[in-house]
file structure.cif (mmCIF, C-alpha atoms)
data_upload
loop_
_atom_site.label_atom_id
_atom_site.label_comp_id
_atom_site.auth_asym_id
_atom_site.auth_seq_id
_atom_site.Cartn_x
_atom_site.Cartn_y
_atom_site.Cartn_z
CA MET A 2 179.83 231.65 282.42
CA SER A 3 179.81 234.78 280.37
CA ASP A 4 177.04 237.28 280.67
CA ASP A 5 175.84 238.05 277.17
CA HIS A 6 174.20 241.29 278.22
CA ARG A 7 177.38 242.87 279.44
CA PRO A 8 178.71 245.61 277.16
CA PRO A 9 182.12 244.99 275.51
CA PRO A 10 185.19 245.77 277.64
CA HIS A 11 186.09 249.02 275.86
CA VAL A 12 182.57 250.37 276.37
CA ILE A 13 182.73 249.64 280.11
CA ARG A 14 186.15 251.26 280.27
CA ALA A 15 185.07 254.39 278.39
CA GLU A 16 182.13 254.76 280.78
CA ALA A 17 184.45 254.28 283.75
CA ILE A 18 186.77 257.03 282.52
CA GLU A 19 183.88 259.37 281.79
CA SER A 20 182.40 258.88 285.24
CA LEU A 21 185.79 259.56 286.86
CA LEU A 22 186.38 262.70 284.79
CA THR A 23 182.86 263.88 285.57
CA GLU A 24 183.47 263.44 289.30
CA LYS A 25 186.73 265.38 289.02
CA GLY A 26 184.88 268.19 287.29
CA LEU A 27 186.90 267.94 284.07
CA VAL A 28 183.98 267.00 281.84
CA ASP A 29 180.22 266.91 282.08
CA ALA A 30 177.70 265.06 279.97
CA ALA A 31 176.23 268.18 278.40
CA THR A 32 179.62 269.48 277.23
CA ILE A 33 180.52 266.09 275.81
CA ASP A 34 177.18 266.01 273.99
CA ALA A 35 177.82 269.49 272.60
CA VAL A 36 181.26 268.53 271.26
CA ILE A 37 179.81 265.43 269.60
CA GLU A 38 176.91 267.36 268.13
CA ALA A 39 179.24 269.98 266.67
CA TYR A 40 181.23 267.33 264.82
CA GLU A 41 178.15 265.39 263.78
CA GLN A 42 176.14 268.39 262.59
CA ASP A 43 178.18 271.53 261.93
CA ILE A 44 181.81 270.68 261.22
CA GLY A 45 181.96 268.57 258.09
CA PRO A 46 182.74 268.44 254.38
CA MET A 47 179.86 270.79 253.55
CA ASN A 48 182.12 273.56 254.89
CA GLY A 49 184.92 272.64 252.52
CA ALA A 50 182.40 272.29 249.70
CA ALA A 51 181.31 275.90 250.22
CA VAL A 52 184.95 277.01 250.06
CA VAL A 53 185.61 275.05 246.88
CA ALA A 54 182.44 276.23 245.12
CA LYS A 55 183.25 279.85 245.93
CA ALA A 56 186.79 279.43 244.60
CA TRP A 57 185.40 278.02 241.34
CA LYS A 58 183.08 280.99 240.83
CA ASP A 59 185.16 283.84 242.21
CA PRO A 60 188.71 284.18 240.77
CA ASP A 61 189.75 286.71 243.42
CA TYR A 62 188.66 284.34 246.18
CA ARG A 63 190.49 281.45 244.50
CA ARG A 64 193.68 283.51 244.51
CA ARG A 65 193.28 284.44 248.16
CA LEU A 66 192.55 280.79 249.00
CA LEU A 67 195.73 279.57 247.30
CA ASP A 68 197.82 282.40 248.81
CA ASP A 69 196.56 282.07 252.39
CA GLY A 70 194.15 279.20 252.86
CA THR A 71 193.55 279.80 256.55
CA ALA A 72 192.51 283.44 256.04
CA ALA A 73 190.33 282.76 253.00
CA ILE A 74 188.60 279.88 254.78
CA ALA A 75 188.03 282.13 257.80
CA GLU A 76 186.21 284.58 255.50
CA LEU A 77 183.44 281.96 255.31
CA GLY A 78 183.46 281.57 259.07
CA PHE A 79 185.40 278.32 259.30
CA GLY A 80 188.29 277.74 261.70
CA GLY A 81 189.15 276.02 264.94
CA PRO A 82 190.93 272.88 266.09
CA GLN A 83 193.16 271.26 263.44
CA GLY A 84 192.77 274.35 261.29
CA GLU A 85 195.45 276.69 262.65
CA HIS A 86 197.23 276.71 259.30
CA ILE A 87 195.49 275.33 256.23
CA VAL A 88 197.23 275.13 252.86
CA VAL A 89 195.10 274.64 249.75
CA VAL A 90 196.63 272.75 246.81
CA GLU A 91 194.99 272.99 243.42
CA ASN A 92 194.41 270.17 240.99
CA ALA A 93 194.92 270.72 237.26
CA PRO A 94 194.51 268.52 234.19
CA THR A 95 198.15 267.44 234.39
CA ARG A 96 198.68 267.56 238.15
CA HIS A 97 196.78 265.70 240.86
CA ASN A 98 197.19 266.32 244.59
CA VAL A 99 196.27 263.85 247.32
CA VAL A 100 196.59 264.16 251.10
CA VAL A 101 197.57 261.69 253.81
CA CYS A 102 198.93 261.56 257.34
CA THR A 103 201.24 258.54 257.51
CA LEU A 104 201.98 259.02 261.23
CA CYS A 105 198.44 259.40 262.60
CA SER A 106 195.34 260.97 261.08
CA CYS A 107 195.96 264.72 260.66
CA TYR A 108 193.14 266.23 258.65
CA PRO A 109 191.66 269.74 258.19
CA TRP A 110 188.73 269.42 260.60
CA PRO A 111 187.19 272.90 260.10
CA VAL A 112 186.57 272.22 256.41
CA LEU A 113 186.23 268.43 256.24
CA GLY A 114 185.13 267.39 259.73
CA LEU A 115 186.57 264.19 261.17
CA PRO A 116 188.24 261.80 258.74
CA PRO A 117 186.60 258.65 257.40
CA ALA A 118 187.82 255.31 258.77
CA TRP A 119 189.82 254.41 255.66
CA TYR A 120 191.90 257.61 256.01
CA LYS A 121 192.95 256.48 259.51
CA GLU A 122 193.62 252.85 258.68
CA PRO A 123 196.96 251.22 257.72
CA ALA A 124 196.16 250.38 254.08
CA TYR A 125 195.74 254.00 252.98
CA ARG A 126 198.45 255.46 255.23
CA SER A 127 201.08 252.92 254.19
CA ARG A 128 200.44 252.80 250.45
CA ILE A 129 199.47 256.26 249.24
CA VAL A 130 203.05 257.55 249.58
CA LYS A 131 204.55 254.49 247.87
CA GLU A 132 202.14 253.53 245.10
CA PRO A 133 199.59 256.33 244.81
CA ARG A 134 198.68 255.63 241.19
CA LYS A 135 197.83 252.02 241.93
CA LEU A 136 196.03 252.79 245.16
CA LEU A 137 193.95 255.61 243.66
CA ALA A 138 192.94 253.25 240.85
CA GLU A 139 191.82 250.70 243.45
CA MET A 140 189.76 253.45 245.04
CA GLY A 141 188.12 254.22 241.71
CA LEU A 142 190.28 257.06 240.42
CA ASP A 143 192.20 256.15 237.28
CA LEU A 144 194.73 258.82 236.40
CA ALA A 145 196.38 258.90 232.98
CA PRO A 146 200.11 258.09 233.06
CA GLU A 147 200.98 261.66 232.06
CA VAL A 148 199.19 263.12 235.08
CA GLU A 149 201.74 264.01 237.73
CA ILE A 150 200.79 262.96 241.27
CA ARG A 151 201.77 265.00 244.30
CA VAL A 152 201.19 263.36 247.65
CA TRP A 153 201.11 265.62 250.72
CA ASP A 154 202.05 263.89 253.98
CA SER A 155 200.78 266.17 256.74
CA SER A 156 203.45 265.14 259.22
CA ALA A 157 203.68 268.52 261.01
CA GLU A 158 200.99 271.11 261.83
CA VAL A 159 199.89 272.12 258.34
CA ARG A 160 196.53 270.77 257.25
CA TYR A 161 195.93 270.37 253.52
CA LEU A 162 192.79 270.81 251.46
CA VAL A 163 192.65 269.85 247.79
CA LEU A 164 190.93 272.28 245.44
CA PRO A 165 189.50 269.87 242.85
CA GLU A 166 189.08 270.67 239.18
CA PRO A 167 185.64 272.15 238.52
CA PRO A 168 183.07 270.23 236.48
CA ALA A 169 182.68 271.14 232.80
CA ASP A 170 179.41 273.01 233.42
CA VAL A 171 180.82 275.24 236.16
CA ALA A 172 179.88 278.44 234.32
CA ALA A 173 176.23 277.43 234.05
CA CYS A 174 175.81 276.50 237.73
CA SER A 175 175.33 278.66 240.79
CA GLU A 176 177.76 278.52 243.67
CA SER A 177 175.22 276.75 245.86
CA GLU A 178 174.46 274.17 243.17
CA LEU A 179 178.17 273.52 242.77
CA ALA A 180 178.66 273.11 246.51
CA THR A 181 176.27 270.14 246.51
CA ARG A 182 178.50 268.38 243.98
CA VAL A 183 181.78 268.77 245.86
CA THR A 184 182.61 265.57 247.69
CA ARG A 185 184.78 264.91 250.72
CA ASP A 186 186.84 262.43 248.73
CA ALA A 187 187.59 265.00 246.01
CA MET A 188 188.84 267.41 248.69
CA ILE A 189 191.19 264.69 250.05
CA GLY A 190 192.27 263.92 246.50
CA VAL A 191 191.05 260.33 246.10
CA ALA A 192 188.25 261.25 243.70
CA ARG A 193 187.27 263.78 241.03
CA ILE A 194 184.14 265.84 240.71
CA ASP A 195 181.58 264.18 238.46
CA GLY A 196 180.75 266.02 235.26
CA MET B 25 210.32 256.19 268.37
CA ASP B 26 209.88 253.85 265.45
CA GLY B 27 206.51 252.41 266.34
CA MET B 28 203.76 250.75 264.34
CA HIS B 29 202.18 254.19 263.83
CA ASP B 30 204.91 255.15 261.34
CA MET B 31 203.22 253.51 258.37
CA GLY B 32 204.51 255.22 255.25
CA GLY B 33 205.72 252.59 252.79
CA ARG B 34 204.86 249.45 254.77
CA ASP B 35 203.57 246.56 252.68
CA GLY B 36 200.89 244.00 253.31
CA PHE B 37 197.87 245.99 254.49
CA GLY B 38 195.75 245.37 251.42
CA SER B 39 193.16 247.71 249.96
CA PRO B 40 191.37 250.46 251.91
CA GLN B 41 187.90 249.43 253.02
CA VAL B 42 185.70 252.34 251.97
CA GLU B 43 182.31 252.56 253.66
CA LEU B 44 179.63 254.48 251.80
CA SER B 45 177.62 257.03 253.80
CA GLU B 46 179.87 256.45 256.77
CA PRO B 47 178.66 258.03 260.01
CA VAL B 48 180.97 260.46 261.84
CA PHE B 49 181.07 258.01 264.74
CA HIS B 50 180.14 254.35 264.44
CA GLU B 51 179.36 253.84 268.11
CA THR B 52 178.47 256.06 271.05
CA TRP B 53 181.59 255.22 273.06
CA GLU B 54 183.80 256.39 270.18
CA ALA B 55 182.11 259.77 270.15
CA ARG B 56 182.44 260.12 273.93
CA VAL B 57 186.13 259.15 273.91
CA PHE B 58 186.73 261.71 271.14
CA ALA B 59 184.97 264.44 273.11
CA MET B 60 186.78 263.58 276.35
CA ALA B 61 190.16 263.73 274.59
CA MET B 62 189.24 267.13 273.11
CA LEU B 63 188.13 268.48 276.46
CA ILE B 64 191.09 267.32 278.53
CA THR B 65 193.48 268.68 275.90
CA ALA B 66 191.64 272.01 275.92
CA ALA B 67 191.83 271.97 279.73
CA GLY B 68 195.63 271.71 279.49
CA VAL B 69 195.93 268.22 280.98
CA CYS B 70 198.24 267.32 278.11
CA VAL B 71 199.45 268.76 274.82
CA PRO B 72 198.32 267.06 271.59
CA ASP B 73 201.94 265.97 271.02
CA ALA B 74 201.85 263.97 274.25
CA PHE B 75 198.51 262.46 273.27
CA ARG B 76 199.99 261.32 269.96
CA HIS B 77 202.99 259.89 271.78
CA ALA B 78 200.76 257.94 274.15
CA ILE B 79 199.13 256.35 271.10
CA GLU B 80 202.52 255.55 269.56
CA GLN B 81 203.54 253.84 272.80
CA LEU B 82 201.11 251.00 272.25
CA PRO B 83 202.81 247.72 271.37
CA PRO B 84 202.57 247.10 267.60
CA ASP B 85 200.01 244.31 267.85
CA GLU B 86 197.81 246.38 270.14
CA TYR B 87 198.11 249.41 267.89
CA LEU B 88 196.58 247.41 265.07
CA ARG B 89 194.09 245.40 267.11
CA ARG B 90 192.49 248.16 269.16
CA GLY B 91 191.33 250.27 266.24
CA TYR B 92 191.30 254.04 266.08
CA TYR B 93 189.22 255.09 269.08
CA GLY B 94 190.40 252.05 271.03
CA ARG B 95 193.87 253.58 270.77
CA TRP B 96 192.51 256.94 271.85
CA LEU B 97 190.87 255.40 274.91
CA ARG B 98 194.07 253.67 276.00
CA ALA B 99 196.11 256.86 275.44
CA LEU B 100 193.57 259.00 277.29
CA GLU B 101 193.67 256.72 280.31
CA ARG B 102 197.44 256.60 280.35
CA LEU B 103 197.76 260.39 280.31
CA LEU B 104 195.15 260.80 283.03
CA LEU B 105 197.12 258.37 285.19
CA HIS B 106 200.34 260.22 284.41
CA ALA B 107 198.75 263.54 285.38
CA ALA B 108 197.52 261.87 288.60
CA ILE B 109 193.98 262.90 287.72
CA VAL B 110 192.91 259.29 288.14
CA THR B 111 194.66 256.41 289.89
CA PRO B 112 194.82 252.72 288.96
CA ALA B 113 192.61 252.07 292.00
CA ASP B 114 189.98 254.52 290.66
CA VAL B 115 189.93 252.66 287.37
CA ALA B 116 189.81 249.25 289.03
CA ALA B 117 186.91 250.36 291.23
CA ARG B 118 184.82 251.36 288.20
CA ASP B 119 185.94 248.51 285.96
CA PRO B 120 186.85 245.58 288.24
CA ASP B 121 187.01 243.00 285.45
CA GLY B 122 188.85 245.23 282.99
CA GLU B 123 192.45 245.10 281.87
CA ALA B 124 195.17 246.70 283.97
CA PRO B 125 196.00 250.32 283.18
CA ILE B 126 199.43 251.11 281.72
CA THR B 127 201.39 252.78 284.49
CA ALA B 128 204.93 252.40 283.13
CA LEU B 129 206.68 255.48 281.83
CA PRO B 130 207.74 255.58 278.18
CA ALA B 131 211.47 255.52 277.30
CA VAL B 132 211.40 259.30 277.32
CA PRO B 133 208.88 260.27 280.00
CA PHE B 134 205.86 262.45 279.41
CA GLY B 135 206.57 265.80 280.99
CA ALA B 136 204.30 268.26 282.67
CA PRO B 137 202.22 270.16 280.12
CA PRO B 138 203.57 273.66 279.52
CA PRO B 139 201.40 276.57 280.65
CA ALA B 140 200.96 277.62 277.00
CA ALA B 141 199.24 274.34 276.16
CA VAL B 142 196.03 276.11 275.34
CA LEU B 143 197.61 278.60 272.95
CA GLY B 144 197.90 276.31 269.98
CA SER B 145 201.25 275.48 268.42
CA LEU B 146 201.97 278.32 265.94
CA ARG B 147 204.75 280.66 267.06
CA VAL B 148 206.16 283.87 265.56
CA LEU B 149 209.93 283.51 265.14
CA GLU B 150 212.40 286.38 265.22
CA THR B 151 214.99 284.59 263.09
CA PRO B 152 214.62 283.97 259.35
CA PRO B 153 214.16 280.42 258.04
CA ARG B 154 217.41 278.56 257.47
CA PHE B 155 216.30 277.11 254.13
CA GLU B 156 214.60 278.68 251.12
CA ILE B 157 212.25 277.49 248.43
CA GLY B 158 214.05 275.46 245.77
CA GLN B 159 217.00 274.61 247.99
CA PRO B 160 218.11 270.94 248.08
CA VAL B 161 218.15 269.55 251.60
CA ARG B 162 218.95 266.18 253.08
CA VAL B 163 216.96 264.67 255.91
CA ARG B 164 219.14 263.76 258.85
CA SER B 165 219.31 260.11 259.82
CA LEU B 166 217.78 260.37 263.25
CA ASN B 167 216.12 257.77 265.44
CA PRO B 168 214.72 259.74 268.38
CA PRO B 169 213.70 257.48 271.26
CA GLY B 170 210.73 259.68 272.14
CA HIS B 171 208.05 261.41 270.11
CA THR B 172 209.01 262.56 266.63
CA ARG B 173 207.27 263.68 263.47
CA LEU B 174 210.10 262.49 261.26
CA PRO B 175 208.80 259.49 259.31
CA GLN B 176 211.24 256.66 258.71
CA TYR B 177 210.67 256.60 254.96
CA VAL B 178 212.33 259.98 254.40
CA ARG B 179 215.32 259.65 256.73
CA GLY B 180 218.59 260.17 254.89
CA LYS B 181 216.76 261.13 251.69
CA LEU B 182 217.42 264.11 249.45
CA GLY B 183 214.60 266.51 248.70
CA VAL B 184 213.90 270.09 247.72
CA VAL B 185 212.17 272.79 249.75
CA ASP B 186 208.73 273.25 248.21
CA ARG B 187 207.19 275.54 250.82
CA VAL B 188 208.44 277.39 253.87
CA HIS B 189 205.83 277.09 256.61
CA PRO B 190 205.50 279.30 259.71
CA GLY B 191 207.16 278.55 263.03
CA TRP B 192 205.77 275.92 265.34
CA VAL B 193 206.40 274.32 268.66
CA PHE B 194 208.73 271.33 268.16
CA PRO B 195 206.76 268.16 268.90
CA ASP B 196 209.89 266.14 269.75
CA THR B 197 210.53 268.24 272.84
CA ASN B 198 207.06 269.56 273.55
CA ALA B 199 205.56 266.08 273.93
CA HIS B 200 207.94 265.45 276.83
CA GLY B 201 207.71 268.78 278.63
CA LEU B 202 211.25 269.62 277.45
CA GLY B 203 210.39 273.05 276.08
CA GLU B 204 208.79 274.44 272.97
CA ASP B 205 211.96 274.94 270.89
CA PRO B 206 209.85 276.69 268.22
CA GLN B 207 211.20 276.42 264.67
CA TYR B 208 210.19 276.57 261.04
CA ALA B 209 208.73 273.62 259.24
CA TYR B 210 209.10 273.04 255.51
CA ALA B 211 207.27 271.05 252.89
CA ILE B 212 210.09 268.98 251.42
CA ARG B 213 209.43 267.39 248.05
CA PHE B 214 210.94 263.99 247.32
CA ALA B 215 210.91 262.27 243.95
CA GLY B 216 209.31 258.84 244.06
CA GLU B 217 212.58 257.28 242.84
CA GLU B 218 214.52 258.88 245.72
CA LEU B 219 212.19 257.27 248.25
CA TRP B 220 211.42 253.93 246.64
CA GLY B 221 214.20 253.25 244.17
CA PRO B 222 214.17 252.58 240.45
CA GLY B 223 210.92 250.59 240.66
CA ALA B 224 208.94 253.58 241.90
CA GLU B 225 205.80 254.67 240.06
CA ARG B 226 206.56 257.28 237.41
CA GLY B 227 205.54 260.91 237.79
CA VAL B 228 205.08 260.78 241.55
CA SER B 229 206.49 263.04 244.24
CA VAL B 230 205.78 263.15 247.95
CA CYS B 231 205.83 266.36 249.98
CA VAL B 232 206.52 265.76 253.65
CA ASP B 233 206.28 268.51 256.27
CA LEU B 234 209.52 268.46 258.25
CA PHE B 235 210.84 270.58 261.10
CA GLU B 236 214.10 272.47 260.66
CA ARG B 237 215.99 270.27 263.13
CA TYR B 238 215.39 267.28 260.89
CA LEU B 239 217.15 268.87 257.92
CA GLU B 240 220.61 269.75 256.74
CA GLY B 241 221.79 271.65 253.67
CA ASP B 242 223.05 269.44 250.86
CA PRO B 243 226.53 270.50 249.73
CA SER B 244 226.54 268.35 246.60
#

call {"tool": "encode", "arguments": {"input": "structure.cif", "output": "structure tokens"}}
result
Amino acid sequence: MSDDHRPPPHVIRAEAIESLLTEKGLVDAATIDAVIEAYEQDIGPMNGAAVVAKAWKDPDYRRRLLDDGTAAIAELGFGGPQGEHIVVVENAPTRHNVVVCTLCSCYPWPVLGLPPAWYKEPAYRSRIVKEPRKLLAEMGLDLAPEVEIRVWDSSAEVRYLVLPEPPADVAACSESELATRVTRDAMIGVARIDG
Amino acid sequence: MDGMHDMGGRDGFGSPQVELSEPVFHETWEARVFAMAMLITAAGVCVPDAFRHAIEQLPPDEYLRRGYYGRWLRALERLLLHAAIVTPADVAARDPDGEAPITALPAVPFGAPPPAAVLGSLRVLETPPRFEIGQPVRVRSLNPPGHTRLPQYVRGKLGVVDRVHPGWVFPDTNAHGLGEDPQYAYAIRFAGEELWGPGAERGVSVCVDLFERYLEGDPS
């Protein structure tokens, strides 16, 4: 009865909607491709990594970044949707910051790109505000009991970026070397920087 | 509305499934749904607040079952129908074996998008913020029937203003075409024990960004 070669229902539906919007002149294939390419190639955690590495090497930039994240991030050319107002929160040996959106999936796109699946799924969104220490440990980040945890629920229009603690050899590394070691997960606050 | 989307503090969802080297999009249709949603929002067909509300409108079981971009696809279609950009007959003609579109209005209807939809949501306010950093505030016990950005887990709770944010369009009205009602938002810090009781993890606080209308001064 069933035709095994038929695409799944949601794929057929997405194609139906795209063809209708194309006919109405609201979208076209090339523009859709360009949006996808931007988020696959240009707008991702490498942008945030450049911001973090610069803040580690340049104390004046770090201060500007913590005072006005949006403006300091714009200095490096990053901005756009979901980045109207970015607040940067800094980790320290005794204080750890971690970001969530319990209501949907708000995330600082200009510096981190689109969020990973786990950030959008119920397990993370439900638990990180209630048992962050336990959940972070499950995700591989064991924090000592004396480390204070601050969870940021981005329930309005602010988008948060975590400034992780630098690695021990920060002074010996160049900014570009450091940028390669900054991970997306450290900038969300579910990991630390190795070293 | 208190839908399945409001997940803070719910139990039973297990451990996050972390995928190493995860692609930005897992499948082509997801990428195309994402781009279409971006483009119709930029074109002013709907404000992002209305898009979020359309997602929240999904019945709880569907919200969980459809997955992230499945929810986006359903919300996109519903808003296009609402804006009369497509009709149920259009959809049926292209997808004759597919499920019926949602044509019902939500409890609080989607409104027409305001003309400023393309201007973003930050607004400069003439009035000073009502609350200041360090001030104790209590979250009002509200249960708005429409869109809201007031999570259930902080309603009625006592917190302290940690940051005063700029002014923004109020999602609760803006999602429904009921005006921008721009107002300040605040990062309100709650102790873990205030939210979760004496069994809460030690040394934890949660900062939640809340609009001024959700808050009242605490006289105690």

call {"tool": "resolve_selection", "arguments": {"input": "structure.cif", "expression": "the PyMOL selection byres ((chain A) within 7 of (chain B))", "output": "ChimeraX atom specification"}}
result
/A:10,12-15,17,27-28,33,36-37,41,103-105,115,119,123-128,130-132,149-157

call {"tool": "atom_distance", "arguments": {"input": "structure.cif", "atom1": "atom CA of A:Val191", "atom2": "atom CA of A:Val88"}}
result
17.4 Å

call {"tool": "closest_residue", "arguments": {"input": "structure.cif", "among": "A:Arg160, A:Lys58, A:His6, A:Arg193", "to": "A:Val101", "atoms": "all atoms listed in the file"}}
result
A:Arg160

call {"tool": "atom_distance", "arguments": {"input": "structure.cif", "atom1": "atom CA of B:Leu239", "atom2": "atom CA of B:Glu218"}}
result
16.0 Å

call {"tool": "closest_residue", "arguments": {"input": "structure.cif", "among": "A:Pro111, A:Pro94, A:Gly26, A:Gly141", "to": "A:Val52", "atoms": "only C-alpha atoms"}}
result
A:Pro111

call {"tool": "residues_around", "arguments": {"input": "structure.cif", "residues": "stretch 69-80 of chain A", "least_positions_apart": "5", "cutoff": "9 Å", "atoms": "only C-alpha atoms", "output": "ChimeraX atom specification"}}
result
/A:44,48-49,51-52,62-64,85-89,110-112,162

call {"tool": "write_last_selection", "arguments": {"input": "structure.cif", "atoms": "C-alpha atoms", "output": "mmCIF file, in the frame of the given file"}}
result
data_model
loop_
_atom_site.group_PDB
_atom_site.id
_atom_site.type_symbol
_atom_site.label_atom_id
_atom_site.label_comp_id
_atom_site.auth_asym_id
_atom_site.auth_seq_id
_atom_site.Cartn_x
_atom_site.Cartn_y
_atom_site.Cartn_z
ATOM 1 C CA ILE A 44 181.810 270.680 261.220
ATOM 2 C CA ASN A 48 182.120 273.560 254.890
ATOM 3 C CA GLY A 49 184.920 272.640 252.520
ATOM 4 C CA ALA A 51 181.310 275.900 250.220
ATOM 5 C CA VAL A 52 184.950 277.010 250.060
ATOM 6 C CA TYR A 62 188.660 284.340 246.180
ATOM 7 C CA ARG A 63 190.490 281.450 244.500
ATOM 8 C CA ARG A 64 193.680 283.510 244.510
ATOM 9 C CA GLU A 85 195.450 276.690 262.650
ATOM 10 C CA HIS A 86 197.230 276.710 259.300
ATOM 11 C CA ILE A 87 195.490 275.330 256.230
ATOM 12 C CA VAL A 88 197.230 275.130 252.860
ATOM 13 C CA VAL A 89 195.100 274.640 249.750
ATOM 14 C CA TRP A 110 188.730 269.420 260.600
ATOM 15 C CA PRO A 111 187.190 272.900 260.100
ATOM 16 C CA VAL A 112 186.570 272.220 256.410
ATOM 17 C CA LEU A 162 192.790 270.810 251.460
#

call {"tool": "residues_around", "arguments": {"input": "structure.cif", "residues": "A:Cys174", "least_positions_apart": "5", "cutoff": "12 Å", "atoms": "all atoms listed in the file", "output": "PyMOL selection string"}}
result
chain A and resi 54-55+57-58+167-169+179-182+196

call {"tool": "resolve_selection", "arguments": {"input": "structure.cif", "expression": "the PyMOL selection byres ((chain A and resi 184) around 10)", "output": "JSON, numbers by chain"}}
result
{"A": [46, 47, 49, 50, 53, 113, 165, 180, 181, 182, 183, 185, 186, 187, 188, 189, 190, 192, 193, 194, 195]}

call {"tool": "atom_distance", "arguments": {"input": "structure.cif", "atom1": "atom CA of A:Glu139", "atom2": "atom CA of A:Val171"}}
result
27.9 Å

call {"tool": "resolve_selection", "arguments": {"input": "structure.cif", "expression": "the PyMOL selection byres ((chain B and resi 155-166) around 7)", "output": "PyMOL selection string"}}
result
chain B and resi 153-154+167-168+178-188+238-242
